[in-house]
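The structure appears below as structure tokens.
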Amino acid sequence: MKIFGYKPPATAWVGLAIIAGFILIALFADVIAPYSESESVGQTWDDPSWSFLLGTDNIGRDLLSRLIYGARMTIGVAFVTTILSFLIGTIAGFLAAVGGTVIDQILSRIVDVMLSIPLLIFALIILSVFGSSIFTLVMTLAILDSTRVFRLARAVATNLVVMEYVEAARLRGEGLWWIMRREVLPNALPPMISEFGLRFCFNFLFVASLSFLGLGIQPPYADWGGMVRDNGKAISFGIPAPLWPALAIATMTVGVNLVVDWILSINSRPSGASAEM
Amino acid sequence: MTEISAETILKLTDLRVEALSGAVLVDNVSLELKRGEVIGLIGESGAGKSTIGLASMVYARAGCRITGGKVEIDGEDVRAMDADGRRDRRGRRIAYIAQSAAASFNPAHRLMDQVIEMPVSHGLMGVAEAKAWALELFRALDLPNPDTFGDRYPHQVSGGQLQRAMAAMAMSCRPDILVLDEPTTALDVTTQIEVLALLKKLIRDYHMAALYITHDLAVVAQVADRIMVLRHGKTVELGTTEQILLNPAMDYTKALVAERKAADKLAIISAESHDKPVLEATGVTGVYGTFTAVKNVSISVARGETVAVVGESGSGKSSLARLIVGLLPTSTGEVRLHGSVLPPALKSRDRETLRQVQLIYQQPDVALNPRQTIGEIIGRPVQFYFNRSTSEVKARVAELLRLVGLPEDYAGRLSTALSGGQKQRICIARALAAEPDVIICDEPTSALDQLVAEDILKLLKHLQDTLGVGYLFITHDLGIVRRIAHRTAVMLKGEVIAQGPTAQIFAPPFHPYTEKLLCSVPEMRTDWLDEVLASRA
């Protein structure tokens, strides 16, 4: 079976299966989850049983149901954030490469300043000032993350704008938007897509770590990072409760990376094989 | 030529190389190379010349596999050896000189370190001994300041010098066989002649055998004892140089020889009287930083006229084109279109001005966006300049494709699926789509094979006859100039040193530089190189 004209290797299939599985779980959370997201149905940290397959959490909510609803929130937030950050970062990066020295200097220096402040601290400050609604969370992460996207988009586009077909478009009198959209973007897509996968993972982990610090997704919504935090103490009692959401985070990260590796290998492979030595 | 000994040093038997897709790149080619002998491999691109050259070292590029045949060096089958055995033969017994020396040297290391790397890593010589040998080679290759030459980095020497340094690198292990893959193709004619003479001397002095790969019959005639003509991976003909040049047996060889001879002829087009110029540059000067690329150049093109600009690389021909189109702002002088002065910067020129002057590039591969279809590429200027509806654009694209001799259904394809010649046709169609008065052609045929280039020239001429478009034709190839240019300007170091009707430029009395250019163009005689060198000595 082929996807976009390429045959994925076994590892990519595993990754695709993991991602598809989590997306299905997120979409049909209402149907699959045995209990609701926020309802206390048992005692604190009940052992796994037939009624609670993974046990209960620190205030007696069913862990499995929380994991299932958590997929929706965690993956959803990471996905929207990544798309937004790519929109901002790619447009700004291309503009810097195509628009000439002045625009490039202004944009690049702004990004330099933002990059010089540690991401987590920056996010912490903004979120504590504006409060942690899902909207501010997504916007903050998207804008911060777009600086990383900007750097890649600008680097890729700088190599493309010197090509003669871009020069031909300039000589024709085409505007910046056309050059960015029609001449540069299609040729920059392969590296940008692989970067999308990587950044999705980073955002995913970042949301998790913010939730872990209490500034991410707020209760009663479930998210995997927050679940690790809430149940962290259980470990010292020998109860595996925080390991389940941690396992979900790890699985999703591995799944996305397997797919990204495959996409990267397509882009870097010249003609399908190495030289005969 | 030196005497050829009876000892066969390299023997290829029924060599077969296939691409992973299953296409046959080299189809049962056999040859025997004796010590002291040079065999020329000649053919268009895609004929399998380079693949054979590499396969004789039992190396196949990514995506290819050697699937059959034997490669014997001194009677030992190298294909049957393991990787260590092959590595031991490479460099030590058989060495390779690539077309682009610039791409073959590591820019981060000094030349000397790269030249001595091979003998040292093969354990043949100590560092000091290898360096002494490298210096001897630098001297033999006539490099400037041979004692300090090796201390330079690749970007600090000229293209011709780098190509000679590469020859030194190939010679560093004192191999018996050299594989020369178009070693002079990337060089100017005036530099080519020097490198050619030195390579010939090197092969003779050290009594080596060589495979000389080239697409230029006149070049190979100077060095080869025998010539193998290749096409689509098959041997067309193998014979002595005299026999191939004077008495070719096969039709394909005849076509190649006839084509090359036509380029030698002085079929000069007379400079007809033309109307007043459409495009006119007067006293233009262009500057990159502190470097003056174009100095006080005046040139004009009328409708239906072809004006050639010739010169070596670095003479400022392309900079002149960039000045005219506005990519390089003029620091003095002015460019006029239909009598009105154009703003020096591209951004301040209006759409109508941009439409009337179009540019065709040297490398059609990078001049076409690989992710746009042919229809989009050609259709865009039609829509952009004339604001036509989608169906009108479509009809115009079909018309333009017909005009440049391509099937209409190419509109749906990506440019990456086309050959070099077809891509250049697309570039021409894109330029024509704007219905320009003048097209600036920047070496439009120099990246193409001889026969394909000839077709492109015919097409350009035909288009000029039917549409009356004027060409400013930038080239280093004097054969082209003679055949298509009404008027010619010769450039040297940013200045026009001679300008006038082509017939006048190419007739005595010559400007000394024009004469040097003229007599550096290889001719199809085996004794041409020796004659030129003798006359210069």
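Following the order of the structure tokens, chains are lettered A, B, ..., residues in each are numbered from 1, and ligands are numbered from 1.
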
Define the interface residues of chain B facing chain A as those within 9 Å, counting only C-alpha atoms, and report them as a ChimeraX atom specification.
-> /B:20,58-66,83,86-87,325-327,346-347,349-351,354-355,358-361,363-364,366-372,381,384-385,434

Keeping only N, CA and C atoms, write those residues as a short mmCIF file (atom, residue, chain, number, x, y, z; two decimals), in the first residue's frame.
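Once written, again-v9.cif looks like this:
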```
data_model
loop_
_atom_site.label_atom_id
_atom_site.label_comp_id
_atom_site.auth_asym_id
_atom_site.auth_seq_id
_atom_site.Cartn_x
_atom_site.Cartn_y
_atom_site.Cartn_z
N LEU B 20 18.11 1.16 -11.02
CA LEU B 20 17.26 0.35 -10.15
C LEU B 20 15.87 0.20 -10.75
N VAL B 58 34.81 -0.13 -11.29
CA VAL B 58 33.79 -0.93 -10.59
C VAL B 58 33.04 -0.06 -9.58
N TYR B 59 32.65 1.11 -10.02
CA TYR B 59 31.86 1.99 -9.17
C TYR B 59 30.60 2.35 -9.93
N ALA B 60 29.47 2.31 -9.24
CA ALA B 60 28.22 2.73 -9.87
C ALA B 60 27.59 3.81 -9.02
N ARG B 61 27.07 4.84 -9.65
CA ARG B 61 26.44 5.94 -8.91
C ARG B 61 25.19 5.45 -8.19
N ALA B 62 24.74 6.25 -7.23
CA ALA B 62 23.53 5.91 -6.49
C ALA B 62 22.40 5.67 -7.48
N GLY B 63 21.67 4.59 -7.27
CA GLY B 63 20.55 4.30 -8.15
C GLY B 63 20.91 3.40 -9.32
N CYS B 64 22.20 3.06 -9.47
CA CYS B 64 22.61 2.16 -10.56
C CYS B 64 23.28 0.92 -9.98
N ARG B 65 23.31 -0.12 -10.76
CA ARG B 65 24.00 -1.35 -10.38
C ARG B 65 24.74 -1.89 -11.60
N ILE B 66 25.96 -2.36 -11.38
CA ILE B 66 26.66 -3.08 -12.44
C ILE B 66 26.10 -4.49 -12.41
N ALA B 83 35.34 -5.46 -1.29
CA ALA B 83 35.44 -4.00 -1.23
C ALA B 83 36.88 -3.53 -0.99
N ARG B 86 38.92 -3.73 -4.20
CA ARG B 86 38.57 -2.67 -5.15
C ARG B 86 39.17 -1.35 -4.70
N ARG B 87 39.05 -1.08 -3.41
CA ARG B 87 39.57 0.19 -2.90
C ARG B 87 41.06 0.28 -3.15
N VAL B 325 18.23 44.27 -17.66
CA VAL B 325 16.92 43.93 -17.12
C VAL B 325 16.66 44.60 -15.76
N GLY B 326 17.67 45.21 -15.17
CA GLY B 326 17.44 45.95 -13.93
C GLY B 326 17.78 45.19 -12.66
N LEU B 327 18.35 43.99 -12.78
CA LEU B 327 18.72 43.24 -11.58
C LEU B 327 19.98 43.83 -10.94
N LEU B 346 14.88 47.52 -10.90
CA LEU B 346 13.78 46.67 -11.36
C LEU B 346 12.45 47.09 -10.76
N LYS B 347 12.46 47.43 -9.47
CA LYS B 347 11.20 47.69 -8.76
C LYS B 347 10.45 48.88 -9.32
N ARG B 349 10.31 49.75 -12.46
CA ARG B 349 9.87 49.59 -13.85
C ARG B 349 8.44 49.09 -13.87
N ASP B 350 7.66 49.59 -14.83
CA ASP B 350 6.26 49.15 -14.85
C ASP B 350 6.11 47.84 -15.63
N ARG B 351 4.95 47.26 -15.51
CA ARG B 351 4.68 45.95 -16.05
C ARG B 351 4.89 45.89 -17.56
N LEU B 354 8.53 45.68 -18.36
CA LEU B 354 9.06 44.36 -18.04
C LEU B 354 8.65 43.36 -19.12
N ARG B 355 7.44 43.52 -19.64
CA ARG B 355 6.93 42.58 -20.63
C ARG B 355 7.80 42.59 -21.89
N GLN B 358 12.49 40.10 -22.28
CA GLN B 358 12.44 38.83 -21.57
C GLN B 358 13.83 38.20 -21.54
N LEU B 359 14.01 37.27 -20.61
CA LEU B 359 15.32 36.67 -20.40
C LEU B 359 15.22 35.15 -20.50
N ILE B 360 16.17 34.53 -21.20
CA ILE B 360 16.26 33.07 -21.22
C ILE B 360 17.58 32.69 -20.56
N TYR B 361 17.51 31.74 -19.64
CA TYR B 361 18.69 31.42 -18.84
C TYR B 361 19.51 30.27 -19.42
N GLN B 363 20.75 27.65 -17.55
CA GLN B 363 20.40 26.36 -16.97
C GLN B 363 18.89 26.20 -16.93
N PRO B 364 18.30 25.53 -17.91
CA PRO B 364 16.84 25.41 -17.88
C PRO B 364 16.36 24.65 -16.64
N VAL B 366 17.16 25.05 -13.49
CA VAL B 366 16.84 25.92 -12.35
C VAL B 366 16.01 27.12 -12.76
N ALA B 367 15.77 27.26 -14.06
CA ALA B 367 14.97 28.40 -14.50
C ALA B 367 13.48 28.07 -14.48
N LEU B 368 13.15 26.80 -14.29
CA LEU B 368 11.75 26.40 -14.23
C LEU B 368 11.45 25.87 -12.84
N ASN B 369 10.34 26.34 -12.27
CA ASN B 369 9.96 25.88 -10.94
C ASN B 369 9.58 24.40 -11.01
N PRO B 370 10.32 23.54 -10.26
CA PRO B 370 10.07 22.10 -10.38
C PRO B 370 8.70 21.67 -9.88
N ARG B 371 8.02 22.54 -9.14
CA ARG B 371 6.72 22.13 -8.59
C ARG B 371 5.55 22.79 -9.31
N GLN B 372 5.80 23.39 -10.46
CA GLN B 372 4.69 23.93 -11.25
C GLN B 372 4.58 23.15 -12.55
N PRO B 381 2.65 34.26 -17.51
CA PRO B 381 2.88 35.55 -18.16
C PRO B 381 1.69 36.00 -19.00
N PHE B 384 -0.76 37.23 -16.54
CA PHE B 384 -0.21 38.36 -15.78
C PHE B 384 -0.16 39.64 -16.61
N TYR B 385 0.30 39.52 -17.85
CA TYR B 385 0.48 40.72 -18.67
C TYR B 385 -0.77 41.09 -19.47
N ALA B 434 5.10 36.48 -23.20
CA ALA B 434 4.99 37.90 -22.88
C ALA B 434 4.96 38.75 -24.14
#
```

For Gly46 of chain B, please output as a PyMOL selection string all residues within 10 Å (counting only C-alpha atoms; exclusion window: fewer than 3 positions along the same chain).
-> chain B and resi 25-26+43+49-51+230-233+449

Deliver the residues from the most recent selection as a file, using C-alpha atoms, as a PDB file, in the first residue's frame.
```
ATOM      1  CA  LEU B  25      22.294   2.470 -18.938  1.00  0.00           C
ATOM      2  CA  VAL B  26      25.217   0.581 -20.418  1.00  0.00           C
ATOM      3  CA  GLY B  43      28.283  10.681 -27.209  1.00  0.00           C
ATOM      4  CA  LYS B  49      29.949   7.699 -21.146  1.00  0.00           C
ATOM      5  CA  SER B  50      30.423   8.647 -17.506  1.00  0.00           C
ATOM      6  CA  THR B  51      28.762   5.462 -16.331  1.00  0.00           C
ATOM      7  CA  LEU B 230      28.224   5.661 -27.768  1.00  0.00           C
ATOM      8  CA  ARG B 231      24.495   6.139 -27.923  1.00  0.00           C
ATOM      9  CA  HIS B 232      21.824   5.024 -25.453  1.00  0.00           C
ATOM     10  CA  GLY B 233      24.419   2.926 -23.643  1.00  0.00           C
ATOM     11  CA  ASP B 449      24.187  18.542 -26.086  1.00  0.00           C
TER      12      ASP B 449
END
```

Report the distance between atom CA of Thr147 of chain A and atom CA of Gly226 of chain A in Å, rounded to one decimal place.
->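 Separating atom CA of Thr147 of chain A from atom CA of Gly226 of chain A is a distance of 26.0 Å.
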
Selection near Lys7 of chain A, 12 Å with only C-alpha atoms, sequence-local residues under 4 positions removed, as a VMD selection string = chain A and resid 1 to 3 11 to 13 262 to 263 265 to 266 272

May I have the selected residues written with N, CA and C atoms, as a PDB file, in the first residue's frame?
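File produced: part.pdb:
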```pdb
ATOM      1  N   MET A   1       0.847  -1.202   0.000  1.00  0.00           N
ATOM      2  CA  MET A   1       0.000   0.000   0.000  1.00  0.00           C
ATOM      3  C   MET A   1       0.878   1.247   0.000  1.00  0.00           C
ATOM      4  N   LYS A   2       0.420   2.252  -0.705  1.00  0.00           N
ATOM      5  CA  LYS A   2       1.232   3.458  -0.812  1.00  0.00           C
ATOM      6  C   LYS A   2       0.503   4.659  -0.222  1.00  0.00           C
ATOM      7  N   ILE A   3       1.244   5.584   0.324  1.00  0.00           N
ATOM      8  CA  ILE A   3       0.679   6.849   0.796  1.00  0.00           C
ATOM      9  C   ILE A   3       1.406   7.968   0.066  1.00  0.00           C
ATOM     10  N   THR A  11       8.249   0.451  10.236  1.00  0.00           N
ATOM     11  CA  THR A  11       8.269   1.386  11.376  1.00  0.00           C
ATOM     12  C   THR A  11       7.260   2.510  11.177  1.00  0.00           C
ATOM     13  N   ALA A  12       7.162   2.997   9.928  1.00  0.00           N
ATOM     14  CA  ALA A  12       6.215   4.072   9.667  1.00  0.00           C
ATOM     15  C   ALA A  12       4.787   3.595   9.862  1.00  0.00           C
ATOM     16  N   TRP A  13       4.527   2.329   9.485  1.00  0.00           N
ATOM     17  CA  TRP A  13       3.184   1.784   9.701  1.00  0.00           C
ATOM     18  C   TRP A  13       2.846   1.763  11.175  1.00  0.00           C
ATOM     19  N   TRP A 262      10.214   8.703   8.624  1.00  0.00           N
ATOM     20  CA  TRP A 262       9.919   8.196   7.284  1.00  0.00           C
ATOM     21  C   TRP A 262       9.847   9.351   6.283  1.00  0.00           C
ATOM     22  N   ILE A 263       9.140  10.430   6.663  1.00  0.00           N
ATOM     23  CA  ILE A 263       9.013  11.572   5.746  1.00  0.00           C
ATOM     24  C   ILE A 263      10.392  12.179   5.482  1.00  0.00           C
ATOM     25  N   SER A 265      13.202  10.620   5.514  1.00  0.00           N
ATOM     26  CA  SER A 265      13.996   9.724   4.663  1.00  0.00           C
ATOM     27  C   SER A 265      13.582   9.871   3.198  1.00  0.00           C
ATOM     28  N   ILE A 266      12.311  10.152   2.960  1.00  0.00           N
ATOM     29  CA  ILE A 266      11.871  10.369   1.575  1.00  0.00           C
ATOM     30  C   ILE A 266      12.582  11.593   1.006  1.00  0.00           C
ATOM     31  N   GLY A 272      16.809   6.552  -4.214  1.00  0.00           N
ATOM     32  CA  GLY A 272      16.349   5.280  -3.705  1.00  0.00           C
ATOM     33  C   GLY A 272      17.420   4.334  -3.212  1.00  0.00           C
TER      34      GLY A 272
END
```

Do a neighbour search on segment 339-341 of chain B at 9 Å with only C-alpha atoms, toss out local chain neighbours closer than 4 positions, and write the hits as JSON, numbers by chain.
-> {"B": [277, 278, 279, 280, 334, 335]}

Calculate how many Å separate atom CA of Met73 of chain A from atom CA of Asp223 of chain A, rounding to one decimal.
-> 5.9 Å

Would you mind listing what lies within 9 Å of segment 281-294 of chain B as a PyMOL selection string, with only C-alpha atoms counted and same-chain residues fewer than 3 positions away left out?
-> chain B and resi 297-300+314-317+319-320+323-324+328-337+493-496

For segment 252-257 of chain A, please output as a ChimeraX atom specification all residues within 10 Å (counting only C-alpha atoms; exclusion window: fewer than 6 positions along the same chain).
-> /A:11-22,71,75,194,197-198,200-202,204-205,263

When distances are computed from only C-alpha atoms, which of B:Lys11, B:Arg430, B:Arg402, B:Arg260 shows the smallest separation from Lys34 of chain B?
-> B:Lys11

Using DSSP on the backbone coordinates, identify the residues of segment 42-259 of chain A assigned to helix (DSSP H, G or I); present them as a ChimeraX atom specification.
-> /A:63-98,101-116,119-130,134-161,164-172,176-212,224-237,243-259

Of the listed residues A:Leu160, A:Ala222, A:Leu258, A:Leu144, that which approaches Ser36 of chain A most closely, counting only C-alpha atoms |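 Among the listed residues, the smallest separation from Ser36 of chain A belongs to A:Ala222.
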
Which residues come within 10 Å of Leu400 of chain B, counting only C-alpha atoms, excluding same-chain residues fewer than 3 positions away, as a PyMOL selection string?
-> chain B and resi 378-379+394-397+403-406+408+425-426+428-430+432-433

With N, CA and C atoms kept, could you save the residues just selected as a tab-separated table (two decimals), in the first residue's frame?
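As a result, again-v6.tsv now contains:
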```tsv
chain	number	residue	atom	x	y	z
B	378	ILE	N	3.98	28.51	-18.40
B	378	ILE	CA	3.81	29.31	-19.62
B	378	ILE	C	2.58	30.21	-19.51
B	379	GLY	N	1.55	29.71	-18.81
B	379	GLY	CA	0.30	30.45	-18.74
B	379	GLY	C	0.38	31.71	-17.89
B	394	LYS	N	-5.39	28.93	-21.64
B	394	LYS	CA	-5.19	27.53	-22.02
B	394	LYS	C	-4.90	27.41	-23.51
B	395	ALA	N	-5.70	28.14	-24.31
B	395	ALA	CA	-5.53	28.09	-25.76
B	395	ALA	C	-4.17	28.67	-26.16
B	396	ARG	N	-3.79	29.76	-25.49
B	396	ARG	CA	-2.51	30.40	-25.79
B	396	ARG	C	-1.34	29.48	-25.43
B	397	VAL	N	-1.45	28.78	-24.28
B	397	VAL	CA	-0.40	27.85	-23.88
B	397	VAL	C	-0.23	26.77	-24.93
B	403	LEU	N	4.33	26.24	-31.05
B	403	LEU	CA	5.32	27.15	-31.63
B	403	LEU	C	6.75	26.70	-31.32
B	404	VAL	N	6.97	26.18	-30.10
B	404	VAL	CA	8.32	25.74	-29.76
B	404	VAL	C	8.52	24.25	-30.04
B	405	GLY	N	7.55	23.65	-30.73
B	405	GLY	CA	7.72	22.29	-31.18
B	405	GLY	C	7.52	21.22	-30.12
B	406	LEU	N	6.60	21.47	-29.19
B	406	LEU	CA	6.30	20.45	-28.18
B	406	LEU	C	4.82	20.09	-28.27
B	408	GLU	N	0.97	19.51	-27.28
B	408	GLU	CA	0.13	20.33	-26.39
B	408	GLU	C	-0.12	19.69	-25.04
B	425	ARG	N	13.11	24.65	-24.36
B	425	ARG	CA	11.98	25.06	-25.20
B	425	ARG	C	10.88	25.69	-24.36
B	426	ILE	N	10.65	25.12	-23.16
B	426	ILE	CA	9.64	25.69	-22.27
B	426	ILE	C	10.05	27.11	-21.86
B	428	ILE	N	11.81	29.14	-23.56
B	428	ILE	CA	11.59	30.01	-24.71
B	428	ILE	C	10.10	30.35	-24.82
B	429	ALA	N	9.26	29.32	-24.63
B	429	ALA	CA	7.82	29.55	-24.71
B	429	ALA	C	7.37	30.54	-23.64
B	430	ARG	N	7.96	30.44	-22.43
B	430	ARG	CA	7.60	31.36	-21.36
B	430	ARG	C	7.98	32.80	-21.74
B	432	LEU	N	8.29	33.92	-24.82
B	432	LEU	CA	7.42	34.35	-25.92
B	432	LEU	C	6.02	34.70	-25.44
B	433	ALA	N	5.59	34.06	-24.35
B	433	ALA	CA	4.25	34.30	-23.84
B	433	ALA	C	4.02	35.77	-23.54
```

Point out the residue among B:Ile9, B:Leu135, B:Ala19, B:Val301 with the least atom-to-atom distance to Leu178 of chain B, counting only C-alpha atoms.
->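 Among B:Ile9, B:Leu135, B:Ala19, B:Val301, it is B:Ile9 that comes nearest to Leu178 of chain B.
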
Give the strand (DSSP E) residues of segment 308-528 of chain B, as DSSP finds them on the backbone, and put them as a VMD selection string.
-> chain B and resid 308 to 310 330 to 337 340 to 341 357 to 360 438 to 442 470 to 475 487 to 492 495 to 501

Could you jot down the atom CA of Ile125 of chain A to atom CA of Gln105 of chain A separation for me, Å, one decimal place?
->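 Value for the atom CA of Ile125 of chain A-atom CA of Gln105 of chain A distance: 26.7 Å.
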
Determine the nearest neighbour of Leu463 of chain B from the options B:Gln504, B:Ser313, B:Ser535, B:Thr306, counting only C-alpha atoms.
->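 Answer, going by the shortest atom-to-atom distance: B:Thr306.
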
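Across B:Ala168, B:Val17, B:Ile39, B:Val357, the tightest approach to Thr214 of chain B is made by B:Ile39 when counting only C-alpha atoms.
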